>>> print(open('data-v1.json').read())   # JSON, C-alpha atoms
[["chain", "number", "residue", "atom", "x", "y", "z"],
["A", 1, "MET", "CA", -29.89, -18.86, -27.87],
["A", 2, "ASN", "CA", -30.36, -15.08, -27.88],
["A", 3, "ALA", "CA", -27.41, -12.90, -26.97],
["A", 4, "PRO", "CA", -27.91, -10.97, -23.72],
["A", 5, "GLN", "CA", -29.16, -7.43, -24.19],
["A", 6, "PRO", "CA", -26.77, -4.66, -23.22],
["A", 7, "PRO", "CA", -27.84, -2.76, -20.10],
["A", 8, "LEU", "CA", -29.88, 0.36, -20.77],
["A", 9, "PRO", "CA", -27.97, 3.63, -20.50],
["A", 10, "ILE", "CA", -30.67, 5.30, -18.40],
["A", 11, "ARG", "CA", -32.91, 4.55, -15.44],
["A", 12, "ALA", "CA", -36.11, 6.29, -14.39],
["A", 13, "LEU", "CA", -38.24, 6.71, -11.28],
["A", 14, "VAL", "CA", -41.77, 8.16, -11.41],
["A", 15, "ALA", "CA", -42.89, 10.18, -8.38],
["A", 16, "PRO", "CA", -46.45, 11.59, -8.52],
["A", 17, "VAL", "CA", -46.56, 15.01, -6.85],
["A", 18, "THR", "CA", -49.09, 17.72, -5.92],
["A", 19, "PRO", "CA", -52.82, 17.21, -5.28],
["A", 20, "LEU", "CA", -53.14, 16.75, -9.06],
["A", 21, "GLN", "CA", -50.89, 13.64, -8.93],
["A", 22, "GLN", "CA", -48.61, 14.82, -11.71],
["A", 23, "ASN", "CA", -45.94, 12.32, -12.78],
["A", 24, "CYS", "CA", -42.65, 13.95, -11.90],
["A", 25, "THR", "CA", -39.91, 11.75, -13.38],
["A", 26, "ILE", "CA", -36.36, 11.37, -12.15],
["A", 27, "VAL", "CA", -34.15, 10.06, -14.96],
["A", 28, "TRP", "CA", -30.48, 9.34, -14.68],
["A", 29, "CYS", "CA", -27.44, 8.20, -16.61],
["A", 30, "ALA", "CA", -26.80, 4.66, -15.40],
["A", 31, "LYS", "CA", -23.04, 5.02, -15.76],
["A", 32, "THR", "CA", -22.49, 8.34, -13.99],
["A", 33, "LYS", "CA", -25.62, 8.49, -11.75],
["A", 34, "LYS", "CA", -26.16, 12.07, -12.86],
["A", 35, "ALA", "CA", -29.88, 12.84, -12.84],
["A", 36, "ALA", "CA", -32.50, 15.18, -14.21],
["A", 37, "VAL", "CA", -35.84, 15.91, -12.58],
["A", 38, "ILE", "CA", -38.51, 16.25, -15.25],
["A", 39, "ASP", "CA", -41.50, 18.43, -14.24],
["A", 40, "PRO", "CA", -40.98, 19.14, -10.53],
["A", 41, "GLY", "CA", -44.52, 20.30, -9.90],
["A", 42, "GLY", "CA", -44.10, 20.42, -6.12],
["A", 43, "GLU", "CA", -43.09, 18.45, -3.02],
["A", 44, "VAL", "CA", -39.45, 19.43, -3.55],
["A", 45, "PRO", "CA", -38.16, 18.02, -0.21],
["A", 46, "ARG", "CA", -39.56, 14.64, -1.21],
["A", 47, "LEU", "CA", -37.82, 14.83, -4.59],
["A", 48, "LEU", "CA", -34.52, 15.75, -2.95],
["A", 49, "GLN", "CA", -34.89, 12.76, -0.62],
["A", 50, "ALA", "CA", -35.59, 10.46, -3.58],
["A", 51, "LEU", "CA", -32.38, 11.65, -5.25],
["A", 52, "LYS", "CA", -30.47, 10.97, -2.04],
["A", 53, "ASP", "CA", -32.05, 7.54, -1.60],
["A", 54, "GLN", "CA", -30.92, 6.54, -5.11],
["A", 55, "ASP", "CA", -27.44, 8.05, -4.56],
["A", 56, "LEU", "CA", -27.92, 10.40, -7.52],
["A", 57, "THR", "CA", -26.34, 13.76, -8.34],
["A", 58, "LEU", "CA", -28.85, 16.23, -9.75],
["A", 59, "GLU", "CA", -27.50, 17.82, -12.94],
["A", 60, "LYS", "CA", -30.55, 19.31, -14.71],
["A", 61, "ILE", "CA", -34.19, 20.32, -14.30],
["A", 62, "TRP", "CA", -36.24, 19.66, -17.45],
["A", 63, "ILE", "CA", -39.70, 21.12, -18.03],
["A", 64, "THR", "CA", -42.20, 19.77, -20.58],
["A", 65, "HIS", "CA", -44.61, 22.72, -20.30],
["A", 66, "GLY", "CA", -45.48, 25.64, -18.09],
["A", 67, "HIS", "CA", -48.57, 24.44, -16.23],
["A", 68, "LEU", "CA", -48.56, 24.75, -12.44],
["A", 69, "ASP", "CA", -48.73, 21.02, -11.66],
["A", 70, "HIS", "CA", -45.69, 20.36, -13.85],
["A", 71, "ALA", "CA", -43.53, 23.39, -13.08],
["A", 72, "GLY", "CA", -44.68, 24.85, -9.75],
["A", 73, "GLY", "CA", -41.71, 23.49, -7.77],
["A", 74, "THR", "CA", -39.07, 24.45, -10.31],
["A", 75, "ALA", "CA", -37.95, 27.67, -8.62],
["A", 76, "ALA", "CA", -37.61, 25.95, -5.23],
["A", 77, "LEU", "CA", -35.67, 23.01, -6.68],
["A", 78, "LYS", "CA", -33.26, 25.36, -8.45],
["A", 79, "GLU", "CA", -32.76, 27.37, -5.27],
["A", 80, "ALA", "CA", -31.99, 24.17, -3.35],
["A", 81, "THR", "CA", -29.55, 22.75, -5.90],
["A", 82, "GLY", "CA", -28.33, 25.47, -8.26],
["A", 83, "VAL", "CA", -28.72, 23.27, -11.34],
["A", 84, "PRO", "CA", -29.87, 24.73, -14.68],
["A", 85, "ILE", "CA", -33.48, 24.68, -15.88],
["A", 86, "GLU", "CA", -33.95, 23.49, -19.49],
["A", 87, "GLY", "CA", -37.30, 23.86, -21.25],
["A", 88, "PRO", "CA", -39.98, 24.29, -22.20],
["A", 89, "HIS", "CA", -40.34, 25.99, -25.59],
["A", 90, "PRO", "CA", -40.58, 29.82, -25.30],
["A", 91, "ASP", "CA", -44.22, 29.78, -26.43],
["A", 92, "ASP", "CA", -45.09, 28.68, -22.86],
["A", 93, "GLN", "CA", -43.64, 31.82, -21.25],
["A", 94, "PHE", "CA", -47.15, 33.10, -20.47],
["A", 95, "TRP", "CA", -47.98, 29.92, -18.55],
["A", 96, "ILE", "CA", -44.78, 30.18, -16.50],
["A", 97, "ASP", "CA", -45.62, 33.81, -15.71],
["A", 98, "ASP", "CA", -49.00, 32.62, -14.37],
["A", 99, "ILE", "CA", -47.66, 29.99, -11.95],
["A", 100, "GLY", "CA", -47.91, 32.18, -8.84],
["A", 101, "ALA", "CA", -51.53, 33.13, -9.49],
["A", 102, "SER", "CA", -52.43, 29.56, -10.41],
["A", 103, "GLY", "CA", -50.78, 28.27, -7.23],
["A", 104, "ALA", "CA", -52.87, 30.58, -5.07],
["A", 105, "LYS", "CA", -56.01, 29.44, -6.89],
["A", 106, "TRP", "CA", -55.26, 25.72, -6.59],
["A", 107, "GLY", "CA", -54.00, 25.69, -3.00],
["A", 108, "MET", "CA", -50.29, 25.50, -3.84],
["A", 109, "PRO", "CA", -49.05, 28.81, -2.42],
["A", 110, "ASP", "CA", -45.37, 27.82, -2.62],
["A", 111, "ALA", "CA", -45.47, 27.64, -6.44],
["A", 112, "ARG", "CA", -43.48, 30.43, -8.08],
["A", 113, "THR", "CA", -42.53, 31.61, -11.52],
["A", 114, "PHE", "CA", -38.98, 31.09, -12.86],
["A", 115, "THR", "CA", -36.79, 31.85, -15.83],
["A", 116, "PRO", "CA", -35.37, 28.86, -17.75],
["A", 117, "ASP", "CA", -31.62, 28.85, -18.22],
["A", 118, "ARG", "CA", -32.24, 27.39, -21.67],
["A", 119, "TRP", "CA", -35.39, 27.45, -23.74],
["A", 120, "LEU", "CA", -35.82, 24.39, -25.95],
["A", 121, "GLY", "CA", -36.96, 23.92, -29.54],
["A", 122, "ASP", "CA", -37.78, 21.08, -31.90],
["A", 123, "GLY", "CA", -34.66, 19.08, -32.76],
["A", 124, "ASP", "CA", -32.61, 20.23, -29.77],
["A", 125, "THR", "CA", -30.80, 17.74, -27.58],
["A", 126, "VAL", "CA", -30.25, 17.73, -23.82],
["A", 127, "THR", "CA", -27.43, 15.84, -22.17],
["A", 128, "LEU", "CA", -27.34, 13.96, -18.90],
["A", 129, "GLY", "CA", -24.07, 12.49, -17.71],
["A", 130, "GLU", "CA", -22.83, 10.49, -20.70],
["A", 131, "THR", "CA", -26.22, 10.11, -22.38],
["A", 132, "GLU", "CA", -28.46, 12.29, -24.55],
["A", 133, "PHE", "CA", -32.18, 12.93, -25.02],
["A", 134, "GLU", "CA", -33.89, 14.38, -28.07],
["A", 135, "VAL", "CA", -36.30, 17.30, -27.70],
["A", 136, "ILE", "CA", -39.54, 17.21, -29.73],
["A", 137, "HIS", "CA", -41.80, 20.26, -29.81],
["A", 138, "CYS", "CA", -45.38, 18.96, -29.50],
["A", 139, "PRO", "CA", -47.84, 21.88, -29.31],
["A", 140, "GLY", "CA", -51.55, 21.42, -28.72],
["A", 141, "HIS", "CA", -52.09, 21.02, -24.97],
["A", 142, "THR", "CA", -49.97, 24.14, -24.61],
["A", 143, "PRO", "CA", -48.20, 25.97, -27.45],
["A", 144, "GLY", "CA", -44.73, 25.42, -26.01],
["A", 145, "HIS", "CA", -44.98, 21.79, -24.88],
["A", 146, "VAL", "CA", -41.91, 19.60, -25.46],
["A", 147, "VAL", "CA", -41.30, 15.85, -25.17],
["A", 148, "PHE", "CA", -38.03, 14.26, -24.03],
["A", 149, "PHE", "CA", -37.07, 11.10, -25.96],
["A", 150, "HIS", "CA", -34.20, 8.67, -25.39],
["A", 151, "ARG", "CA", -33.86, 6.76, -28.62],
["A", 152, "GLN", "CA", -31.64, 3.90, -27.45],
["A", 153, "ALA", "CA", -33.74, 3.17, -24.36],
["A", 154, "ARG", "CA", -37.02, 3.53, -26.35],
["A", 155, "PHE", "CA", -38.29, 5.84, -23.62],
["A", 156, "ALA", "CA", -40.19, 9.13, -23.69],
["A", 157, "GLN", "CA", -41.54, 11.58, -21.14],
["A", 158, "VAL", "CA", -44.51, 13.11, -22.96],
["A", 159, "GLY", "CA", -46.05, 15.35, -20.30],
["A", 160, "ASP", "CA", -49.71, 16.08, -21.04],
["A", 161, "VAL", "CA", -49.60, 15.36, -24.78],
["A", 162, "LEU", "CA", -50.73, 11.72, -24.50],
["A", 163, "PHE", "CA", -52.02, 9.43, -21.76],
["A", 164, "GLN", "CA", -52.96, 5.78, -21.47],
["A", 165, "GLY", "CA", -56.39, 5.85, -23.11],
["A", 166, "SER", "CA", -56.61, 9.61, -23.49],
["A", 167, "ILE", "CA", -54.96, 12.79, -24.79],
["A", 168, "GLY", "CA", -54.20, 16.22, -23.36],
["A", 169, "ARG", "CA", -56.89, 18.84, -22.83],
["A", 170, "THR", "CA", -57.02, 21.62, -25.39],
["A", 171, "ASP", "CA", -59.59, 23.91, -23.75],
["A", 172, "PHE", "CA", -56.93, 26.02, -22.01],
["A", 173, "PRO", "CA", -55.74, 29.37, -23.42],
["A", 174, "ARG", "CA", -53.84, 28.77, -26.69],
["A", 175, "GLY", "CA", -54.65, 25.06, -26.67],
["A", 176, "ASN", "CA", -55.37, 23.61, -30.11],
["A", 177, "HIS", "CA", -56.92, 20.21, -30.74],
["A", 178, "ALA", "CA", -55.75, 19.93, -34.37],
["A", 179, "ASP", "CA", -52.19, 20.79, -33.32],
["A", 180, "LEU", "CA", -52.32, 18.13, -30.60],
["A", 181, "ILE", "CA", -53.47, 15.39, -32.98],
["A", 182, "HIS", "CA", -50.73, 16.42, -35.41],
["A", 183, "SER", "CA", -48.11, 16.31, -32.65],
["A", 184, "ILE", "CA", -49.16, 12.80, -31.61],
["A", 185, "THR", "CA", -49.57, 11.24, -35.05],
["A", 186, "LYS", "CA", -46.78, 13.01, -36.95],
["A", 187, "LYS", "CA", -44.14, 13.43, -34.24],
["A", 188, "LEU", "CA", -44.67, 10.65, -31.68],
["A", 189, "TRP", "CA", -45.98, 7.70, -33.70],
["A", 190, "PRO", "CA", -42.98, 7.72, -36.10],
["A", 191, "LEU", "CA", -40.66, 7.11, -33.14],
["A", 192, "GLY", "CA", -41.92, 3.51, -32.98],
["A", 193, "ASP", "CA", -44.67, 1.37, -31.47],
["A", 194, "ASP", "CA", -42.21, -0.08, -28.95],
["A", 195, "VAL", "CA", -41.52, 3.25, -27.23],
["A", 196, "ARG", "CA", -42.64, 3.24, -23.60],
["A", 197, "PHE", "CA", -43.77, 6.59, -22.27],
["A", 198, "VAL", "CA", -44.44, 8.29, -18.97],
["A", 199, "PRO", "CA", -47.48, 10.57, -19.32],
["A", 200, "GLY", "CA", -48.13, 13.62, -17.19],
["A", 201, "HIS", "CA", -50.68, 11.70, -15.12],
["A", 202, "GLY", "CA", -51.57, 8.05, -14.71],
["A", 203, "PRO", "CA", -49.86, 4.81, -15.76],
["A", 204, "MET", "CA", -47.21, 4.25, -18.39],
["A", 205, "SER", "CA", -48.07, 2.86, -21.81],
["A", 206, "THR", "CA", -46.51, 2.36, -25.24],
["A", 207, "PHE", "CA", -47.16, 4.21, -28.47],
["A", 208, "GLY", "CA", -48.20, 0.90, -30.03],
["A", 209, "GLN", "CA", -50.82, 0.26, -27.39],
["A", 210, "GLU", "CA", -52.28, 3.74, -27.88],
["A", 211, "ARG", "CA", -52.32, 3.33, -31.66],
["A", 212, "ARG", "CA", -54.38, 0.18, -31.15],
["A", 213, "SER", "CA", -56.79, 1.21, -28.40],
["A", 214, "ASN", "CA", -56.78, 4.94, -27.57],
["A", 215, "PRO", "CA", -60.32, 6.21, -28.27],
["A", 216, "PHE", "CA", -58.98, 9.59, -29.43],
["A", 217, "VAL", "CA", -55.94, 8.75, -31.58],
["A", 218, "ALA", "CA", -56.01, 5.03, -32.39],
["A", 219, "ASP", "CA", -55.27, 4.35, -36.04],
["A", 220, "ALA", "CA", -58.77, 2.94, -36.60],
["A", 221, "VAL", "CA", -60.42, 5.97, -34.96],
["A", 222, "LEU", "CA", -58.53, 8.49, -37.05],
["A", 223, "ALA", "CA", -59.11, 6.46, -40.23],
["A", 224, "ASP", "CA", -62.84, 7.04, -39.70],
["A", 225, "ASP", "CA", -62.43, 10.83, -39.61]]
>>> encode(input="data-v1.json", output="structure tokens")
Amino acid sequence: MNAPQPPLPIRALVAPVTPLQQNCTIVWCAKTKKAAVIDPGGEVPRLLQALKDQDLTLEKIWITHGHLDHAGGTAALKEATGVPIEGPHPDDQFWIDDIGASGAKWGMPDARTFTPDRWLGDGDTVTLGETEFEVIHCPGHTPGHVVFFHRQARFAQVGDVLFQGSIGRTDFPRGNHADLIHSITKKLWPLGDDVRFVPGHGPMSTFGQERRSNPFVADAVLADD
């Protein structure tokens, strides 16, 4: 008979926001119910209500990268709560500076630029209640993209680096396809096939599933290159 597994130290709730259906993720420390909102692209009142419904205390705002659909609601959420903004990597400053103009273009006039309280780099850690996430710099989709990884829970929020059956676009300014493939295969795959991830859009998957079947980065596809 197998011993019961200890309860996971974190919980997560995925809330697609904005017309682009970006996966904003609310993660929290199961013990303290202190939460972080990862990538508040918009619909801030709805996110605040979700926190209230789950009886959570917002402690941090974490940003994977500076694109409008991921970061457009950051300024409003900080104004409403006063909590610090952590991330992305400073190489995405130019994308954050562009949020207002992008919002006007894409019909999200409330989106505004912001200044992170803490820029993040490869190997940093971010804390949440009594638990800790690792920060992995994964350039390619944008130059300053970061991934948040909880090792014990085997959970990652990867933003627009990797999707179920696809990978991030690299045709934006300072995107780089070779960098993106390197980020996925050299930084994400070594974390383990069992890691479940929330992508920036669409359904969750595991690194193992993508290594088997993703038409862009599956092991068999890359072996043919």
>>> atom_distance(input="data-v1.json", atom1="CA of Leu180 in chain A", atom2="CA of Asp160 in chain A")
10.1 Å
>>> atom_distance(input="data-v1.json", atom1="CA of Thr32 in chain A", atom2="CA of Ala76 in chain A")
24.8 Å
>>> residues_around(input="data-v1.json", residues="range 208-217 of chain A", least_positions_apart="2", cutoff="10 Å", atoms="all atoms listed in the file", output="number ranges by chain")
A: 162-167, 181, 184-185, 189, 192-196, 205-206, 219-223
>>> closest_residue(input="data-v1.json", among="A:His65, A:His89, A:Lys186, A:Lys78", to="Gly168 in chain A", atoms="all atoms listed in the file")
A:His65
>>> closest_residue(input="data-v1.json", among="A:Lys52, A:Lys33, A:Arg151, A:His70", to="Pro16 in chain A", atoms="all atoms listed in the file")
A:His70
>>> closest_residue(input="data-v1.json", among="A:Ala156, A:Ile61, A:Leu20, A:Ala15", to="Val83 in chain A", atoms="only C-alpha atoms")
A:Ile61
